[in-house]
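Shown here: protein.pdb, PDB, N, CA and C atoms.
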ATOM      1  N   MET A   1      27.927-112.728 135.533
ATOM      2  CA  MET A   1      28.377-111.468 134.970
ATOM      3  C   MET A   1      29.241-111.697 133.720
ATOM      4  N   VAL A   2      30.168-112.651 133.819
ATOM      5  CA  VAL A   2      31.057-112.935 132.703
ATOM      6  C   VAL A   2      30.273-113.532 131.545
ATOM      7  N   VAL A   3      29.292-114.411 131.864
ATOM      8  CA  VAL A   3      28.477-115.039 130.821
ATOM      9  C   VAL A   3      27.652-113.989 130.096
ATOM     10  N   ARG A   4      27.127-113.029 130.818
ATOM     11  CA  ARG A   4      26.323-111.974 130.193
ATOM     12  C   ARG A   4      27.172-111.130 129.241
ATOM     13  N   LYS A   5      28.401-110.805 129.675
ATOM     14  CA  LYS A   5      29.290-110.014 128.831
ATOM     15  C   LYS A   5      29.696-110.805 127.577
ATOM     16  N   LEU A   6      29.920-112.117 127.746
ATOM     17  CA  LEU A   6      30.264-112.965 126.609
ATOM     18  C   LEU A   6      29.097-113.030 125.622
ATOM     19  N   GLY A   7      27.873-113.123 126.138
ATOM     20  CA  GLY A   7      26.691-113.140 125.279
ATOM     21  C   GLY A   7      26.533-111.846 124.496
ATOM     22  N   GLN A   8      26.818-110.729 125.135
ATOM     23  CA  GLN A   8      26.736-109.441 124.449
ATOM     24  C   GLN A   8      27.801-109.329 123.361
ATOM     25  N   THR A   9      28.978-109.874 123.631
ATOM     26  CA  THR A   9      30.049-109.845 122.637
ATOM     27  C   THR A   9      29.667-110.674 121.420
ATOM     28  N   TRP A  10      29.112-111.864 121.658
ATOM     29  CA  TRP A  10      28.688-112.713 120.546
ATOM     30  C   TRP A  10      27.577-112.056 119.744
ATOM     31  N   LEU A  11      26.642-111.420 120.427
ATOM     32  CA  LEU A  11      25.551-110.740 119.740
ATOM     33  C   LEU A  11      26.091-109.613 118.862
ATOM     34  N   LEU A  12      27.051-108.865 119.378
ATOM     35  CA  LEU A  12      27.663-107.795 118.591
ATOM     36  C   LEU A  12      28.384-108.362 117.363
ATOM     37  N   CYS A  13      29.087-109.481 117.526
ATOM     38  CA  CYS A  13      29.776-110.111 116.395
ATOM     39  C   CYS A  13      28.779-110.565 115.334
ATOM     40  N   LEU A  14      27.671-111.152 115.742
ATOM     41  CA  LEU A  14      26.655-111.593 114.778
ATOM     42  C   LEU A  14      26.043-110.418 114.030
ATOM     43  N   VAL A  15      25.788-109.331 114.732
ATOM     44  CA  VAL A  15      25.220-108.150 114.081
ATOM     45  C   VAL A  15      26.216-107.573 113.063
ATOM     46  N   LEU A  16      27.485-107.519 113.430
ATOM     47  CA  LEU A  16      28.489-106.980 112.510
ATOM     48  C   LEU A  16      28.691-107.879 111.307
ATOM     49  N   MET A  17      28.581-109.191 111.483
ATOM     50  CA  MET A  17      28.694-110.099 110.342
ATOM     51  C   MET A  17      27.542-109.886 109.363
ATOM     52  N   GLY A  18      26.366-109.568 109.863
ATOM     53  CA  GLY A  18      25.230-109.305 108.996
ATOM     54  C   GLY A  18      25.364-108.008 108.228
ATOM     55  N   CYS A  19      26.169-107.083 108.720
ATOM     56  CA  CYS A  19      26.350-105.791 108.056
ATOM     57  C   CYS A  19      27.376-105.836 106.938
ATOM     58  N   THR A  20      28.175-106.883 106.891
ATOM     59  CA  THR A  20      29.179-106.966 105.834
ATOM     60  C   THR A  20      28.520-107.412 104.540
ATOM     61  N   SER A  21      29.171-107.121 103.446
ATOM     62  CA  SER A  21      28.626-107.536 102.152
ATOM     63  C   SER A  21      29.769-107.758 101.177
ATOM     64  N   CYS A  22      29.434-108.278 100.034
ATOM     65  CA  CYS A  22      30.438-108.502  98.991
ATOM     66  C   CYS A  22      30.810-107.163  98.369
ATOM     67  N   SER A  23      32.050-107.062  97.931
ATOM     68  CA  SER A  23      32.450-105.825  97.264
ATOM     69  C   SER A  23      31.789-105.727  95.892
ATOM     70  N   ARG A  24      31.580-106.880  95.276
ATOM     71  CA  ARG A  24      30.870-106.920  93.999
ATOM     72  C   ARG A  24      30.280-108.311  93.851
ATOM     73  N   ALA A  25      29.236-108.418  93.086
ATOM     74  CA  ALA A  25      28.634-109.714  92.824
ATOM     75  C   ALA A  25      29.463-110.427  91.769
ATOM     76  N   PRO A  26      29.823-111.692  92.006
ATOM     77  CA  PRO A  26      30.593-112.401  90.983
ATOM     78  C   PRO A  26      29.735-112.662  89.759
ATOM     79  N   SER A  27      30.087-112.043  88.660
ATOM     80  CA  SER A  27      29.331-112.211  87.429
ATOM     81  C   SER A  27      30.291-112.311  86.249
ATOM     82  N   ILE A  28      29.779-112.880  85.176
ATOM     83  CA  ILE A  28      30.576-113.119  83.979
ATOM     84  C   ILE A  28      29.908-112.413  82.812
ATOM     85  N   GLU A  29      30.688-111.714  82.010
ATOM     86  CA  GLU A  29      30.129-111.035  80.854
ATOM     87  C   GLU A  29      30.128-111.986  79.658
ATOM     88  N   VAL A  30      28.947-112.186  79.088
ATOM     89  CA  VAL A  30      28.797-113.021  77.902
ATOM     90  C   VAL A  30      28.049-112.191  76.857
ATOM     91  N   ILE A  31      28.729-111.779  75.821
ATOM     92  CA  ILE A  31      28.182-110.989  74.716
ATOM     93  C   ILE A  31      27.408-109.768  75.246
ATOM     94  N   GLY A  32      28.021-109.063  76.167
ATOM     95  CA  GLY A  32      27.434-107.832  76.670
ATOM     96  C   GLY A  32      26.454-108.002  77.813
ATOM     97  N   SER A  33      26.044-109.208  78.138
ATOM     98  CA  SER A  33      25.128-109.446  79.259
ATOM     99  C   SER A  33      25.905-110.078  80.405
ATOM    100  N   PHE A  34      25.525-109.708  81.610
ATOM    101  CA  PHE A  34      26.195-110.257  82.782
ATOM    102  C   PHE A  34      25.363-111.386  83.358
ATOM    103  N   PHE A  35      25.992-112.532  83.557
ATOM    104  CA  PHE A  35      25.339-113.696  84.148
ATOM    105  C   PHE A  35      25.984-113.985  85.494
ATOM    106  N   PRO A  36      25.199-114.460  86.452
ATOM    107  CA  PRO A  36      25.790-114.808  87.743
ATOM    108  C   PRO A  36      26.785-115.957  87.594
ATOM    109  N   ALA A  37      27.801-115.943  88.405
ATOM    110  CA  ALA A  37      28.839-116.963  88.324
ATOM    111  C   ALA A  37      28.308-118.342  88.687
ATOM    112  N   TRP A  38      27.332-118.396  89.608
ATOM    113  CA  TRP A  38      26.787-119.704  89.989
ATOM    114  C   TRP A  38      26.084-120.366  88.814
ATOM    115  N   MET A  39      25.498-119.561  87.927
ATOM    116  CA  MET A  39      24.824-120.125  86.756
ATOM    117  C   MET A  39      25.854-120.758  85.811
ATOM    118  N   PHE A  40      26.976-120.104  85.640
ATOM    119  CA  PHE A  40      28.060-120.666  84.838
ATOM    120  C   PHE A  40      28.548-121.982  85.436
ATOM    121  N   CYS A  41      28.681-122.022  86.754
ATOM    122  CA  CYS A  41      29.146-123.245  87.425
ATOM    123  C   CYS A  41      28.159-124.389  87.234
ATOM    124  N   ILE A  42      26.869-124.107  87.307
ATOM    125  CA  ILE A  42      25.862-125.160  87.140
ATOM    126  C   ILE A  42      25.853-125.667  85.703
ATOM    127  N   PHE A  43      25.913-124.774  84.724
ATOM    128  CA  PHE A  43      25.943-125.205  83.323
ATOM    129  C   PHE A  43      27.172-126.054  83.037
ATOM    130  N   THR A  44      28.304-125.635  83.565
ATOM    131  CA  THR A  44      29.539-126.408  83.387
ATOM    132  C   THR A  44      29.419-127.776  84.038
ATOM    133  N   ALA A  45      28.870-127.828  85.245
ATOM    134  CA  ALA A  45      28.732-129.091  85.965
ATOM    135  C   ALA A  45      27.785-130.053  85.256
ATOM    136  N   VAL A  46      26.691-129.542  84.713
ATOM    137  CA  VAL A  46      25.751-130.401  83.990
ATOM    138  C   VAL A  46      26.400-130.944  82.716
ATOM    139  N   ALA A  47      27.145-130.113  82.026
ATOM    140  CA  ALA A  47      27.816-130.573  80.803
ATOM    141  C   ALA A  47      28.878-131.628  81.117
ATOM    142  N   VAL A  48      29.674-131.405  82.149
ATOM    143  CA  VAL A  48      30.711-132.367  82.513
ATOM    144  C   VAL A  48      30.081-133.657  83.028
ATOM    145  N   THR A  49      28.995-133.547  83.778
ATOM    146  CA  THR A  49      28.293-134.744  84.249
ATOM    147  C   THR A  49      27.741-135.540  83.073
ATOM    148  N   GLY A  50      27.235-134.857  82.057
ATOM    149  CA  GLY A  50      26.766-135.546  80.859
ATOM    150  C   GLY A  50      27.891-136.279  80.138
ATOM    151  N   LEU A  51      29.057-135.650  80.067
ATOM    152  CA  LEU A  51      30.213-136.307  79.450
ATOM    153  C   LEU A  51      30.669-137.526  80.259
ATOM    154  N   ILE A  52      30.651-137.391  81.564
ATOM    155  CA  ILE A  52      31.022-138.523  82.421
ATOM    156  C   ILE A  52      30.016-139.651  82.278
ATOM    157  N   ARG A  53      28.733-139.306  82.164
ATOM    158  CA  ARG A  53      27.699-140.324  82.015
ATOM    159  C   ARG A  53      27.874-141.096  80.714
ATOM    160  N   THR A  54      28.143-140.394  79.621
ATOM    161  CA  THR A  54      28.327-141.094  78.347
ATOM    162  C   THR A  54      29.568-141.984  78.372
ATOM    163  N   GLU A  55      30.610-141.530  79.044
ATOM    164  CA  GLU A  55      31.819-142.343  79.143
ATOM    165  C   GLU A  55      31.576-143.576  80.025
ATOM    166  N   LEU A  56      30.851-143.420  81.120
ATOM    167  CA  LEU A  56      30.524-144.572  81.965
ATOM    168  C   LEU A  56      29.637-145.565  81.228
ATOM    169  N   ALA A  57      28.687-145.067  80.453
ATOM    170  CA  ALA A  57      27.804-145.956  79.690
ATOM    171  C   ALA A  57      28.578-146.663  78.581
ATOM    172  N   ARG A  58      29.486-145.957  77.949
ATOM    173  CA  ARG A  58      30.269-146.557  76.871
ATOM    174  C   ARG A  58      31.162-147.685  77.385
ATOM    175  N   ARG A  59      31.708-147.509  78.574
ATOM    176  CA  ARG A  59      32.585-148.528  79.145
ATOM    177  C   ARG A  59      31.819-149.622  79.893
ATOM    178  N   GLY A  60      30.506-149.456  80.043
ATOM    179  CA  GLY A  60      29.691-150.455  80.729
ATOM    180  C   GLY A  60      29.776-150.392  82.238
ATOM    181  N   LEU A  61      30.226-149.272  82.776
ATOM    182  CA  LEU A  61      30.361-149.133  84.225
ATOM    183  C   LEU A  61      29.114-148.540  84.880
ATOM    184  N   GLU A  62      28.221-148.011  84.068
ATOM    185  CA  GLU A  62      27.029-147.374  84.635
ATOM    186  C   GLU A  62      26.127-148.397  85.325
ATOM    187  N   GLN A  63      26.150-149.632  84.877
ATOM    188  CA  GLN A  63      25.320-150.677  85.479
ATOM    189  C   GLN A  63      25.745-150.969  86.911
ATOM    190  N   LYS A  64      27.016-150.758  87.226
ATOM    191  CA  LYS A  64      27.539-151.074  88.550
ATOM    192  C   LYS A  64      27.233-150.000  89.582
ATOM    193  N   LEU A  65      26.773-148.835  89.130
ATOM    194  CA  LEU A  65      26.384-147.766  90.056
ATOM    195  C   LEU A  65      24.950-148.012  90.486
ATOM    196  N   SER A  66      24.734-148.119  91.794
ATOM    197  CA  SER A  66      23.409-148.553  92.235
ATOM    198  C   SER A  66      22.306-147.507  92.082
ATOM    199  N   PRO A  67      22.213-146.463  92.878
ATOM    200  CA  PRO A  67      21.110-145.520  92.662
ATOM    201  C   PRO A  67      21.539-144.363  91.756
ATOM    202  N   LEU A  68      21.242-144.456  90.483
ATOM    203  CA  LEU A  68      21.640-143.409  89.537
ATOM    204  C   LEU A  68      20.944-142.081  89.821
ATOM    205  N   VAL A  69      19.757-142.166  90.411
ATOM    206  CA  VAL A  69      19.005-140.950  90.737
ATOM    207  C   VAL A  69      19.749-140.128  91.793
ATOM    208  N   VAL A  70      20.532-140.777  92.613
ATOM    209  CA  VAL A  70      21.323-140.082  93.631
ATOM    210  C   VAL A  70      22.720-139.754  93.105
ATOM    211  N   PHE A  71      23.287-140.659  92.323
ATOM    212  CA  PHE A  71      24.670-140.505  91.877
ATOM    213  C   PHE A  71      24.872-139.289  90.983
ATOM    214  N   TYR A  72      24.069-139.146  89.944
ATOM    215  CA  TYR A  72      24.308-138.075  88.983
ATOM    216  C   TYR A  72      24.034-136.671  89.546
ATOM    217  N   PRO A  73      22.953-136.449  90.307
ATOM    218  CA  PRO A  73      22.824-135.114  90.918
ATOM    219  C   PRO A  73      23.947-134.800  91.906
ATOM    220  N   SER A  74      24.389-135.817  92.647
ATOM    221  CA  SER A  74      25.502-135.597  93.581
ATOM    222  C   SER A  74      26.782-135.259  92.837
ATOM    223  N   LEU A  75      26.999-135.925  91.734
ATOM    224  CA  LEU A  75      28.171-135.642  90.910
ATOM    225  C   LEU A  75      28.110-134.219  90.348
ATOM    226  N   ALA A  76      26.926-133.810  89.910
ATOM    227  CA  ALA A  76      26.767-132.454  89.366
ATOM    228  C   ALA A  76      27.009-131.400  90.448
ATOM    229  N   VAL A  77      26.514-131.630  91.647
ATOM    230  CA  VAL A  77      26.731-130.668  92.738
ATOM    231  C   VAL A  77      28.211-130.606  93.104
ATOM    232  N   THR A  78      28.860-131.751  93.149
ATOM    233  CA  THR A  78      30.283-131.786  93.473
ATOM    234  C   THR A  78      31.104-131.041  92.419
ATOM    235  N   ILE A  79      30.822-131.285  91.167
ATOM    236  CA  ILE A  79      31.557-130.603  90.098
ATOM    237  C   ILE A  79      31.276-129.105  90.125
ATOM    238  N   SER A  80      30.037-128.733  90.381
ATOM    239  CA  SER A  80      29.677-127.317  90.451
ATOM    240  C   SER A  80      30.442-126.609  91.569
ATOM    241  N   CYS A  81      30.527-127.235  92.720
ATOM    242  CA  CYS A  81      31.267-126.638  93.840
ATOM    243  C   CYS A  81      32.759-126.551  93.531
ATOM    244  N   LEU A  82      33.298-127.571  92.878
ATOM    245  CA  LEU A  82      34.713-127.538  92.515
ATOM    246  C   LEU A  82      35.012-126.436  91.497
ATOM    247  N   VAL A  83      34.129-126.273  90.521
ATOM    248  CA  VAL A  83      34.313-125.195  89.535
ATOM    249  C   VAL A  83      34.271-123.841  90.226
ATOM    250  N   TRP A  84      33.347-123.684  91.164
ATOM    251  CA  TRP A  84      33.240-122.427  91.916
ATOM    252  C   TRP A  84      34.534-122.172  92.693
ATOM    253  N   LEU A  85      35.031-123.184  93.378
ATOM    254  CA  LEU A  85      36.249-122.997  94.175
ATOM    255  C   LEU A  85      37.457-122.719  93.297
ATOM    256  N   ILE A  86      37.559-123.389  92.175
ATOM    257  CA  ILE A  86      38.737-123.211  91.322
ATOM    258  C   ILE A  86      38.722-121.847  90.621
ATOM    259  N   LEU A  87      37.576-121.444  90.111
ATOM    260  CA  LEU A  87      37.526-120.226  89.298
ATOM    261  C   LEU A  87      37.209-118.952  90.084
ATOM    262  N   PHE A  88      36.420-119.045  91.142
ATOM    263  CA  PHE A  88      35.927-117.828  91.789
ATOM    264  C   PHE A  88      36.334-117.697  93.245
ATOM    265  N   SER A  89      37.196-118.542  93.730
ATOM    266  CA  SER A  89      37.588-118.482  95.136
ATOM    267  C   SER A  89      38.681-117.474  95.363
TER     268      SER A  89
END
What would the structure in this file look like if it were written as structure tokens?
Amino acid sequence: MVVRKLGQTWLLCLVLMGCTSCSRAPSIEVIGSFFPAWMFCIFTAVAVTGLIRTELARRGLEQKLSPLVVFYPSLAVTISCLVWLILFS
């Protein structure tokens, strides 16, 4: 009996969570057009990753990083998430 009531409570909580929504979509105005905030974060992350890559190559440290195919996309995702948390959290 208690388990059934607990299951119904959880089901109600899940349904109510699905009914909630954002008060507004996070967007940025650029010259009169609105762009999603995630797009700004990705562009920023790619640019910063490019700057980090050139600095690592200039100092000769890029050779010491083993799988570059994994390193740079991971770095871009990390920077993108950090930009999102810092600016839009």
With all atoms of range 26-37 of chain A from the file as input, state the centre and edge lengths in Å to one decimal of the axis-aligned box that has 3 Å extra on each side, as AutoDock Vina command-line options.
--center_x 27.9 --center_y -113.1 --center_z 83.4 --size_x 11.6 --size_y 16.5 --size_z 23.3
Original post:
atom C of Ile79 in chain A to atom C of Phe35 in chain A: how many Å, to one decimal?
Top reply: 16.7 Å
Subject >> For range 41-49 of chain A: contacts at 8 Å, only N, CA and C atoms, fewer than 5 positions along chain excluded, given as a PyMOL selection string >> reply: chain A and resi 36+54-55+72+75-84
Convert the current residue selection to file output with N, CA and C atoms, as an mmCIF file, in the coordinates of the input.
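Below you can see out17.cif, which holds the result:
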data_model
loop_
_atom_site.group_PDB
_atom_site.id
_atom_site.type_symbol
_atom_site.label_atom_id
_atom_site.label_comp_id
_atom_site.auth_asym_id
_atom_site.auth_seq_id
_atom_site.Cartn_x
_atom_site.Cartn_y
_atom_site.Cartn_z
ATOM 1 N N PRO A 36 25.199 -114.460 86.452
ATOM 2 C CA PRO A 36 25.790 -114.808 87.743
ATOM 3 C C PRO A 36 26.785 -115.957 87.594
ATOM 4 N N THR A 54 28.143 -140.394 79.621
ATOM 5 C CA THR A 54 28.327 -141.094 78.347
ATOM 6 C C THR A 54 29.568 -141.984 78.372
ATOM 7 N N GLU A 55 30.610 -141.530 79.044
ATOM 8 C CA GLU A 55 31.819 -142.343 79.143
ATOM 9 C C GLU A 55 31.576 -143.576 80.025
ATOM 10 N N TYR A 72 24.069 -139.146 89.944
ATOM 11 C CA TYR A 72 24.308 -138.075 88.983
ATOM 12 C C TYR A 72 24.034 -136.671 89.546
ATOM 13 N N LEU A 75 26.999 -135.925 91.734
ATOM 14 C CA LEU A 75 28.171 -135.642 90.910
ATOM 15 C C LEU A 75 28.110 -134.219 90.348
ATOM 16 N N ALA A 76 26.926 -133.810 89.910
ATOM 17 C CA ALA A 76 26.767 -132.454 89.366
ATOM 18 C C ALA A 76 27.009 -131.400 90.448
ATOM 19 N N VAL A 77 26.514 -131.630 91.647
ATOM 20 C CA VAL A 77 26.731 -130.668 92.738
ATOM 21 C C VAL A 77 28.211 -130.606 93.104
ATOM 22 N N THR A 78 28.860 -131.751 93.149
ATOM 23 C CA THR A 78 30.283 -131.786 93.473
ATOM 24 C C THR A 78 31.104 -131.041 92.419
ATOM 25 N N ILE A 79 30.822 -131.285 91.167
ATOM 26 C CA ILE A 79 31.557 -130.603 90.098
ATOM 27 C C ILE A 79 31.276 -129.105 90.125
ATOM 28 N N SER A 80 30.037 -128.733 90.381
ATOM 29 C CA SER A 80 29.677 -127.317 90.451
ATOM 30 C C SER A 80 30.442 -126.609 91.569
ATOM 31 N N CYS A 81 30.527 -127.235 92.720
ATOM 32 C CA CYS A 81 31.267 -126.638 93.840
ATOM 33 C C CYS A 81 32.759 -126.551 93.531
ATOM 34 N N LEU A 82 33.298 -127.571 92.878
ATOM 35 C CA LEU A 82 34.713 -127.538 92.515
ATOM 36 C C LEU A 82 35.012 -126.436 91.497
ATOM 37 N N VAL A 83 34.129 -126.273 90.521
ATOM 38 C CA VAL A 83 34.313 -125.195 89.535
ATOM 39 C C VAL A 83 34.271 -123.841 90.226
ATOM 40 N N TRP A 84 33.347 -123.684 91.164
ATOM 41 C CA TRP A 84 33.240 -122.427 91.916
ATOM 42 C C TRP A 84 34.534 -122.172 92.693
#
**OP:** Using CA of Leu87 in chain A and CA of Pro73 in chain A as the two end points, give the distance in Å to one decimal.
**Re:**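 We find that CA of Leu87 in chain A and CA of Pro73 in chain A lie 21.0 Å from each other.
Note that CA of Lys64 in chain A and CA of Ile52 in chain A are 14.4 Å apart.
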**OP:** Given the file shown, determine the residues that the PyMOL selection byres (((chain A and resi 27 and name CA) around 12) and name CA) selects; report them as a VMD selection string.
**Re:** chain A and resid 24 to 26 28 to 30 32 to 41 84 87 to 88
